[in-house]
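Participant: Provided below: data20.txt, containing compact mmCIF, C-alpha atoms and all ligand atoms.
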# COMPACT_ATOMS: atom_id res chain seq x y z
CA MET A 1 -79.57 23.08 -69.95
CA SER A 2 -80.00 20.55 -72.69
CA GLU A 3 -78.69 19.74 -76.14
CA GLU A 4 -82.26 20.27 -77.34
CA LEU A 5 -82.21 23.86 -76.10
CA TRP A 6 -78.78 24.49 -77.66
CA ALA A 7 -80.18 23.27 -81.00
CA THR A 8 -83.31 25.42 -80.67
CA VAL A 9 -81.21 28.48 -79.92
CA ASP A 10 -78.95 27.70 -82.88
CA THR A 11 -81.99 27.62 -85.16
CA TYR A 12 -83.08 30.96 -83.70
CA ILE A 13 -79.58 32.43 -84.22
CA ASN A 14 -79.61 31.23 -87.83
CA GLY A 15 -82.82 33.17 -88.35
CA VAL A 16 -81.14 36.31 -87.03
CA VAL A 17 -77.71 36.24 -88.71
CA ILE A 18 -77.81 33.73 -91.58
CA GLY A 19 -81.12 33.73 -93.43
CA ARG A 20 -81.85 31.67 -96.53
CA ASP A 21 -78.82 30.61 -98.55
CA ALA A 22 -79.45 28.25 -101.47
CA ALA A 23 -75.84 27.08 -101.98
CA LEU A 24 -75.21 26.35 -98.31
CA GLU A 25 -78.57 24.63 -97.89
CA ALA A 26 -77.88 22.50 -100.98
CA ALA A 27 -74.46 21.54 -99.61
CA ALA A 28 -75.97 20.52 -96.26
CA ALA A 29 -78.76 18.58 -98.00
CA SER A 30 -76.28 16.73 -100.25
CA ALA A 31 -74.19 15.72 -97.23
CA ALA A 32 -77.29 14.37 -95.49
CA ALA A 33 -78.46 12.56 -98.65
CA ALA A 34 -75.04 10.91 -99.00
CA LYS A 35 -75.26 9.91 -95.31
CA LEU A 36 -72.00 11.65 -94.47
CA PRO A 37 -71.43 12.13 -90.73
CA PRO A 38 -73.36 15.25 -89.55
CA ILE A 39 -70.21 17.05 -88.46
CA SER A 40 -69.98 20.07 -90.77
CA VAL A 41 -69.62 23.35 -88.90
CA THR A 42 -72.93 24.96 -87.91
CA PRO A 43 -74.08 27.93 -90.01
CA ALA A 44 -73.15 30.46 -87.31
CA TYR A 45 -69.71 28.85 -86.84
CA GLY A 46 -69.17 28.85 -90.61
CA LYS A 47 -69.98 32.52 -90.64
CA LEU A 48 -67.55 33.12 -87.75
CA LEU A 49 -64.77 31.54 -89.84
CA HIS A 50 -65.86 33.68 -92.79
CA LEU A 51 -65.81 36.87 -90.72
CA ILE A 52 -62.43 36.15 -89.12
CA ALA A 53 -60.94 35.47 -92.57
CA LYS A 54 -62.40 38.78 -93.79
CA VAL A 55 -61.16 40.73 -90.78
CA ARG A 56 -57.74 39.26 -91.49
CA GLY A 57 -58.08 40.30 -95.17
CA ALA A 58 -57.09 36.75 -96.01
CA SER A 59 -56.59 35.81 -99.63
CA ARG A 60 -54.78 32.47 -99.19
CA LEU A 61 -56.64 30.01 -96.99
CA LEU A 62 -55.88 26.46 -95.97
CA GLU A 63 -58.38 23.91 -94.68
CA ILE A 64 -57.65 20.42 -93.37
CA GLY A 65 -60.81 18.27 -93.57
CA THR A 66 -63.28 19.19 -96.35
CA LEU A 67 -66.14 16.68 -95.89
CA ALA A 68 -68.96 18.02 -98.14
CA GLY A 69 -67.38 21.46 -98.53
CA TYR A 70 -69.80 23.27 -96.22
CA SER A 71 -67.10 25.13 -94.28
CA THR A 72 -65.11 25.47 -97.52
CA ILE A 73 -67.95 27.48 -99.08
CA TRP A 74 -67.97 29.87 -96.12
CA LEU A 75 -64.19 30.27 -96.39
CA ALA A 76 -64.14 30.69 -100.19
CA ARG A 77 -66.74 33.46 -99.93
CA ALA A 78 -64.37 35.40 -97.68
CA VAL A 79 -61.55 35.63 -100.23
CA PRO A 80 -61.31 38.04 -103.17
CA ALA A 81 -61.89 36.70 -106.69
CA ASP A 82 -58.16 36.10 -107.15
CA GLY A 83 -57.88 34.45 -103.72
CA ARG A 84 -57.52 30.75 -103.07
CA VAL A 85 -58.69 28.12 -100.62
CA ILE A 86 -56.68 24.91 -100.58
CA THR A 87 -58.67 22.22 -98.79
CA ILE A 88 -57.30 18.77 -97.96
CA GLU A 89 -59.55 15.69 -97.85
CA SER A 90 -58.42 12.08 -97.59
CA ASN A 91 -61.74 10.48 -98.54
CA PRO A 92 -62.29 10.63 -102.34
CA THR A 93 -66.08 10.21 -101.95
CA HIS A 94 -66.22 13.23 -99.62
CA ALA A 95 -64.00 15.19 -102.02
CA GLY A 96 -66.32 14.40 -104.94
CA ILE A 97 -69.39 15.58 -103.04
CA ALA A 98 -67.54 18.71 -101.95
CA ARG A 99 -66.47 19.45 -105.54
CA ALA A 100 -70.09 19.37 -106.71
CA ASN A 101 -71.22 21.60 -103.83
CA ILE A 102 -68.44 24.12 -104.40
CA GLU A 103 -69.22 24.24 -108.14
CA ARG A 104 -72.92 24.77 -107.43
CA ALA A 105 -71.95 27.65 -105.13
CA GLY A 106 -70.04 29.24 -108.03
CA LEU A 107 -66.73 29.00 -106.16
CA ALA A 108 -64.82 26.37 -108.12
CA ALA A 109 -62.28 28.90 -109.44
CA ARG A 110 -61.26 29.83 -105.89
CA VAL A 111 -61.05 26.35 -104.38
CA ASP A 112 -58.40 23.71 -104.86
CA ILE A 113 -59.36 20.33 -103.32
CA ARG A 114 -56.29 18.18 -102.63
CA VAL A 115 -57.31 14.56 -102.22
CA GLY A 116 -54.93 12.80 -99.86
CA ALA A 117 -53.95 12.34 -96.25
CA ALA A 118 -53.08 15.68 -94.67
CA LEU A 119 -49.64 14.51 -93.61
CA ASP A 120 -48.86 13.63 -97.24
CA VAL A 121 -50.28 16.83 -98.73
CA LEU A 122 -48.90 19.34 -96.19
CA PRO A 123 -45.21 18.60 -96.98
CA GLN A 124 -46.07 18.97 -100.69
CA LEU A 125 -47.53 22.41 -100.01
CA ALA A 126 -44.36 23.33 -98.13
CA ALA A 127 -42.20 22.05 -101.00
CA ASP A 128 -44.18 24.20 -103.48
CA LYS A 129 -42.87 27.27 -101.62
CA GLN A 130 -45.97 29.29 -102.48
CA THR A 131 -47.12 32.42 -100.68
CA PRO A 132 -47.88 31.60 -97.02
CA PHE A 133 -51.45 31.08 -95.85
CA ASP A 134 -53.21 33.96 -94.09
CA PHE A 135 -55.76 31.71 -92.41
CA THR A 136 -55.96 27.98 -91.66
CA PHE A 137 -58.92 25.94 -90.44
CA ILE A 138 -57.95 22.55 -88.98
CA ASP A 139 -60.94 20.19 -88.84
CA ALA A 140 -59.77 16.61 -89.47
CA ASP A 141 -58.82 13.61 -87.32
CA ARG A 142 -57.66 14.81 -83.91
CA ALA A 143 -55.07 12.03 -83.46
CA ARG A 144 -52.51 13.94 -85.55
CA LEU A 145 -53.64 17.40 -84.54
CA ALA A 146 -50.29 18.43 -83.09
CA ASP A 147 -48.62 17.67 -86.42
CA TYR A 148 -51.30 19.48 -88.46
CA PHE A 149 -50.90 22.54 -86.26
CA ASP A 150 -47.13 22.47 -86.61
CA TRP A 151 -47.46 22.36 -90.40
CA ALA A 152 -50.05 25.13 -90.33
CA VAL A 153 -47.65 27.40 -88.42
CA ARG A 154 -44.81 26.57 -90.80
CA LEU A 155 -47.04 27.43 -93.78
CA SER A 156 -48.10 30.74 -92.17
CA ARG A 157 -46.59 34.21 -91.85
CA SER A 158 -46.58 36.69 -88.99
CA GLY A 159 -50.22 37.73 -88.47
CA SER A 160 -51.77 34.54 -89.87
CA VAL A 161 -54.71 33.06 -87.98
CA ILE A 162 -55.19 29.34 -87.25
CA ILE A 163 -58.51 27.97 -85.97
CA VAL A 164 -58.66 24.41 -84.62
CA ASP A 165 -62.07 22.75 -84.28
CA ASN A 166 -63.25 20.22 -81.68
CA VAL A 167 -60.76 20.80 -78.90
CA VAL A 168 -63.17 20.27 -75.98
CA ARG A 169 -65.12 17.10 -76.92
CA LYS A 170 -67.93 17.35 -74.35
CA GLY A 171 -65.33 18.21 -71.73
CA ALA A 172 -63.47 14.91 -72.18
CA ILE A 173 -60.36 16.95 -72.79
CA VAL A 174 -59.67 17.33 -69.04
CA ASP A 175 -59.33 13.54 -68.62
CA ALA A 176 -55.58 12.85 -68.57
CA ALA A 177 -56.27 9.10 -68.35
CA SER A 178 -58.52 9.00 -71.45
CA ASP A 179 -57.64 6.31 -73.98
CA ASN A 180 -59.79 7.96 -76.68
CA ALA A 181 -57.60 8.71 -79.71
CA ASP A 182 -59.22 12.11 -80.32
CA VAL A 183 -58.83 13.20 -76.70
CA LYS A 184 -55.23 12.00 -76.58
CA GLY A 185 -54.54 13.85 -79.83
CA VAL A 186 -55.99 17.12 -78.55
CA ARG A 187 -54.11 16.78 -75.25
CA ARG A 188 -50.84 16.21 -77.09
CA PHE A 189 -51.61 19.32 -79.18
CA ASN A 190 -52.30 21.30 -75.99
CA GLU A 191 -49.00 20.23 -74.45
CA GLN A 192 -47.22 21.47 -77.59
CA LEU A 193 -49.24 24.70 -77.62
CA LYS A 194 -48.23 25.55 -74.02
CA SER A 195 -44.62 26.02 -75.02
CA ASP A 196 -45.13 27.10 -78.65
CA THR A 197 -43.46 30.50 -78.76
CA ARG A 198 -44.46 30.95 -82.43
CA VAL A 199 -48.09 31.76 -81.58
CA ASP A 200 -50.46 33.50 -79.16
CA ALA A 201 -53.46 31.27 -78.58
CA THR A 202 -56.77 30.96 -76.79
CA MET A 203 -59.42 28.28 -76.48
CA ILE A 204 -63.19 28.77 -76.26
CA GLN A 205 -65.89 26.30 -75.14
CA THR A 206 -69.06 26.24 -77.24
CA VAL A 207 -72.54 24.76 -77.14
CA SER A 208 -74.54 24.47 -80.35
CA ALA A 209 -76.76 22.18 -82.41
CA LYS A 210 -73.67 19.92 -82.46
CA GLY A 211 -73.52 19.72 -78.65
CA TYR A 212 -70.70 20.77 -76.33
CA ASP A 213 -67.28 21.32 -77.85
CA GLY A 214 -64.89 24.18 -78.51
CA PHE A 215 -62.25 25.69 -80.72
CA ALA A 216 -58.76 27.10 -80.41
CA MET A 217 -57.56 30.26 -82.11
CA ALA A 218 -53.91 31.07 -82.65
CA LEU A 219 -52.28 34.21 -84.01
CA VAL A 220 -48.85 33.63 -85.51
CA ARG A 221 -46.27 36.04 -84.01
N1 LIG B 301 -64.64 21.10 -92.37
C1 LIG B 301 -65.84 20.33 -92.72
C2 LIG B 301 -65.98 19.10 -91.86
C3 LIG B 301 -64.78 18.18 -91.90
S1 LIG B 301 -65.11 16.60 -91.17
C4 LIG B 301 -67.06 21.22 -92.53
O1 LIG B 301 -67.14 21.86 -91.46
O2 LIG B 301 -67.92 21.31 -93.41
C5 LIG B 301 -63.52 15.89 -91.21
C6 LIG B 301 -63.06 15.46 -92.59
O3 LIG B 301 -61.67 15.16 -92.47
C7 LIG B 301 -63.75 14.18 -93.11
O4 LIG B 301 -64.28 14.40 -94.39
C8 LIG B 301 -62.61 13.17 -93.17
O5 LIG B 301 -62.71 12.27 -94.27
C9 LIG B 301 -61.38 14.06 -93.30
N2 LIG B 301 -60.14 13.46 -92.84
C10 LIG B 301 -59.98 12.57 -91.82
N3 LIG B 301 -58.69 12.25 -91.68
C11 LIG B 301 -58.01 12.96 -92.61
C12 LIG B 301 -56.64 13.06 -92.98
N4 LIG B 301 -55.69 12.36 -92.32
N5 LIG B 301 -56.29 13.86 -93.99
C13 LIG B 301 -57.23 14.58 -94.65
N6 LIG B 301 -58.54 14.54 -94.35
C14 LIG B 301 -58.93 13.74 -93.36
C1 LIG B 302 -67.54 15.68 -84.45
C2 LIG B 302 -67.69 17.05 -84.66
C3 LIG B 302 -66.84 17.71 -85.53
O1 LIG B 302 -66.94 19.05 -85.74
C4 LIG B 302 -65.83 17.03 -86.18
O2 LIG B 302 -65.02 17.74 -87.00
C5 LIG B 302 -65.68 15.66 -85.98
C6 LIG B 302 -66.54 14.99 -85.12
C7 LIG B 302 -68.45 14.99 -83.53
O3 LIG B 302 -69.31 15.65 -82.95
O4 LIG B 302 -68.30 13.78 -83.37
MG MG B 303 -65.20 19.83 -86.65
Would you kindly transcribe this structure into C-alpha cells?
Facilitator:
Amino acid sequence: MSEELWATVDTYINGVVIGRDAALEAAAASAAAAKLPPISVTPAYGKLLHLIAKVRGASRLLEIGTLAGYSTIWLARAVPADGRVITIESNPTHAGIARANIERAGLAARVDIRVGAALDVLPQLAADKQTPFDFTFIDADRARLADYFDWAVRLSRSGSVIIVDNVVRKGAIVDAASDNADVKGVRRFNEQLKSDTRVDATMIQTVSAKGYDGFAMALVR
C-alpha cells in the first residue's frame, strides 16, 4: 500500500464522482501557480463537505482556514442563494487569491471572507449575535484547534455539524510524547472532546492523494 496508489485511486474516484469542473480546476490551478502549500481538500473530500452541508440543509456555514478558496467553493455551492459562508483566513495573500477564485466561480454574493486570525474573528462573530451556523469546517493551524472547536460549538445550534480536518497526521496522533505543535494541538482537542457533553463525535482515518490523515465529525446536541 503506497501513497502512489492512494493518489491513483483518488484520480480514478474523481473520474467517477466529480468530472470536469472549470471553477474548481481554475481555483486549484491558481493555488499551484501562486505556490501556495498543496493542502486544499481533495475533490472527493470537498464534495463530501458539500453533501453533508446539503443533507443538513445548511444555509449558514462557517469555515476556519480559506487558503485559495477551494473548499469554500464546495461549501458555497451547498447553500441556497440567500445562504452565507463566512470563511476566516489570516493570510491576506491567500484571502486575495481566494476572493478571485470565488468570484470566478460566481459565488461572491454568498461568501464573506474575514481576513484575520481566527481567535480574533471568532469572538467578533459571537458579538454580532447573528443566526447560529448550521455547519462548520475547521481547517487551520492545529495548535489552537481546541479553541476553534469550542468557538464553533458556541456559534452552533442543536443539530449543527462540525467537521475538523487533519486529526490523524500520518498516525502521529497516537504519540503522547510528540513535541510537534500540530500533534499536541490535536491531542489537546481530543482530550477536550472526550468530556464535551455538548456534542456527539466520531473520527475517521483516510488515505488519499494527500496521504494518510483523517477527520472528526461532531453533531451538536
Ligand atoms: N480549507 C482550505 C485549506 C486551508 S489551509 C481548502 O481545503 O481549500 C489552512 C489555511 O489556514 C491557510 O491558508 C492558513 O493561512 C490559514 N490559517 C493558519 N492559521 C490561521 C489562523 N490562526 N487564523 C485564520 N487562518 C489561519
Ligand atoms: C496538511 C494537510 C492539510 O489538509 C492541512 O489543512 C494542513 C496541512 C499537510 O498535509 O501537511
Ligand atoms: Mg486540511
Participant: Given a cut-off of 7 Å, what residues near ligand LIG 301 (chain B) show up using only C-alpha atoms and all ligand atoms, put as a ChimeraX atom specification?
Facilitator: /A:39-41,64-72,88-91,94,116-119,139-141
Participant: Counting all atoms listed in the file, what is within 6 Å of Val161 (chain A), bar same-chain residues fewer than 3 positions away, as a ChimeraX atom specification?
Facilitator: /A:135,218-219
Participant: Nearest to Arg144 (chain A) among A:Ala176, A:Lys170, A:Arg104, A:Gly185, with distances taken over all atoms listed in the file: which residue is it?
Facilitator: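 Among the listed residues, A:Gly185 lies closest to Arg144 (chain A).
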Participant: Choose the residue, out of A:Met203, A:Ala143, A:Val220, A:Ile13, that has the smallest atom-to-atom separation from ligand LIG 302 (chain B); count all atoms listed in the file.
Facilitator: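 Checking each candidate against ligand LIG 302 (chain B), we get A:Ala143 as the closest.
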Participant: Can you pull out every residue within 8 Å of Val164 (chain A), counting all atoms listed in the file, but drop anything in the same chain fewer than 5 positions away, and send it as a PyMOL selection string?
Facilitator: chain A and resi 137-139+215-217
Participant: Within 9 Å of Val9 (chain A), counting all atoms listed in the file, which residues show up once you throw out same-chain ones fewer than 5 positions away? Write them as an mmCIF file with C-alpha atoms, in the frame of the given file, please.
Facilitator:
data_model
loop_
_atom_site.group_PDB
_atom_site.id
_atom_site.type_symbol
_atom_site.label_atom_id
_atom_site.label_comp_id
_atom_site.auth_asym_id
_atom_site.auth_seq_id
_atom_site.Cartn_x
_atom_site.Cartn_y
_atom_site.Cartn_z
ATOM 1 C CA GLU A 4 -82.260 20.270 -77.340
ATOM 2 C CA ASN A 14 -79.610 31.230 -87.830
ATOM 3 C CA SER A 208 -74.540 24.470 -80.350
ATOM 4 C CA ALA A 209 -76.760 22.180 -82.410
#
Participant: Would you work out the distance separating CA of Arg157 (chain A) from CA of Asp134 (chain A), expressed in Å to one decimal?
Facilitator: 7.0 Å
Participant: Do you have, as a tab-separated table, the list of residues of region 71-107 of chain A lying at most 12 Å from region 32-37 of chain A, each with its nearest atom pair and that distance in Å to one decimal, counting only C-alpha atoms and ordered by chain then number?
Facilitator:
residue	atom	partner	partner_atom	distance
A:Asn91	CA	A:Leu36	CA	11.1
A:Thr93	CA	A:Ala34	CA	9.5
A:His94	CA	A:Leu36	CA	7.9
A:Ala95	CA	A:Leu36	CA	11.6
A:Gly96	CA	A:Ala34	CA	11.1
A:Ile97	CA	A:Ala34	CA	8.4
A:Ala98	CA	A:Leu36	CA	11.2
Participant: I'd like the interatomic distance between CA of Ala181 (chain A) and CA of Arg114 (chain A), to a tenth of an Å.
Facilitator: 24.8 Å
Participant: Take every atom of region 149-160 of chain A listed in the file, fit an axis-aligned box around them, add 3 Å per side, and give the centre and edge lengths in Å to one decimal as lines of an AutoDock Vina configuration file.
Facilitator:
center_x = -48.3
center_y = 30.0
center_z = -90.0
size_x = 13.0
size_y = 21.4
size_z = 13.5
Participant: Which residues are close to region 145-156 of chain A, i.e. within 6 Å by only C-alpha atoms, leaving aside same-chain residues fewer than 6 positions away? Reply as a list in words.
Facilitator: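 Listing them by chain and then by number gives Pro132, Phe133, Gly185 and Phe189 of chain A.
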Participant: Next, write the just-selected residues to a file, as a PDB file, keeping the file's coordinate frame, keeping C-alpha atoms as the atom set.
Facilitator:
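Everything below was put into out-v2.pdb:
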ATOM      1  CA  PRO A 132     -47.880  31.600 -97.020  1.00  0.00           C
ATOM      2  CA  PHE A 133     -51.450  31.080 -95.850  1.00  0.00           C
ATOM      3  CA  GLY A 185     -54.540  13.850 -79.830  1.00  0.00           C
ATOM      4  CA  PHE A 189     -51.610  19.320 -79.180  1.00  0.00           C
TER       5      PHE A 189
END
Participant: Got a sec: who's within 12 Å of Pro80 (chain A), counting all atoms listed in the file, leaving out chain neighbours fewer than 4 positions off, as a list in words?
Facilitator: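 Listed by chain and then number, they are Ala53, Lys54, Gly57, Ala58, Ser59, Arg60, Leu61, Leu75, Ala76, Arg84, Val85, Leu107, Ala109, Arg110 and Val111 of chain A.
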Participant: I'd like the interatomic distance between CA of Asp179 (chain A) and atom O3 of ligand LIG 302 (chain B), to a tenth of an Å.
Facilitator: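 Between CA of Asp179 (chain A) and atom O3 of ligand LIG 302 (chain B) the gap works out to 17.4 Å.
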Participant: Between A:Ile18, A:Ile73, A:Leu122, A:Val168, which one has atoms that come closest to ligand MG 303 (chain B), using all atoms listed in the file?
Facilitator: A:Val168
Participant: Point out the residue among A:Glu25, A:Glu103, A:Glu63, A:Asp213 with the least atom-to-atom distance to Ile86 (chain A), counting only C-alpha atoms.
Facilitator: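 For Ile86 (chain A), the nearest of the candidates is A:Glu63.
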Participant: Between A:Asn101, A:Gly159, A:Thr131, A:Ala126, which is the closest to Gly83 (chain A) once you count all atoms listed in the file?
Facilitator: A:Thr131
Participant: Hey, which of A:Arg188, A:Lys47, A:Lys210, A:Arg99 ends up closest to ligand LIG 302 (chain B)? Count all atoms listed in the file.
Facilitator: A:Lys210
Participant: Show me the residues around (-76.3, 29.7, -89.4) - criterion: an atom at most 10 Å away, all atoms listed in the file counted - as a PyMOL selection string.
Facilitator: chain A and resi 10-21+24+41-48
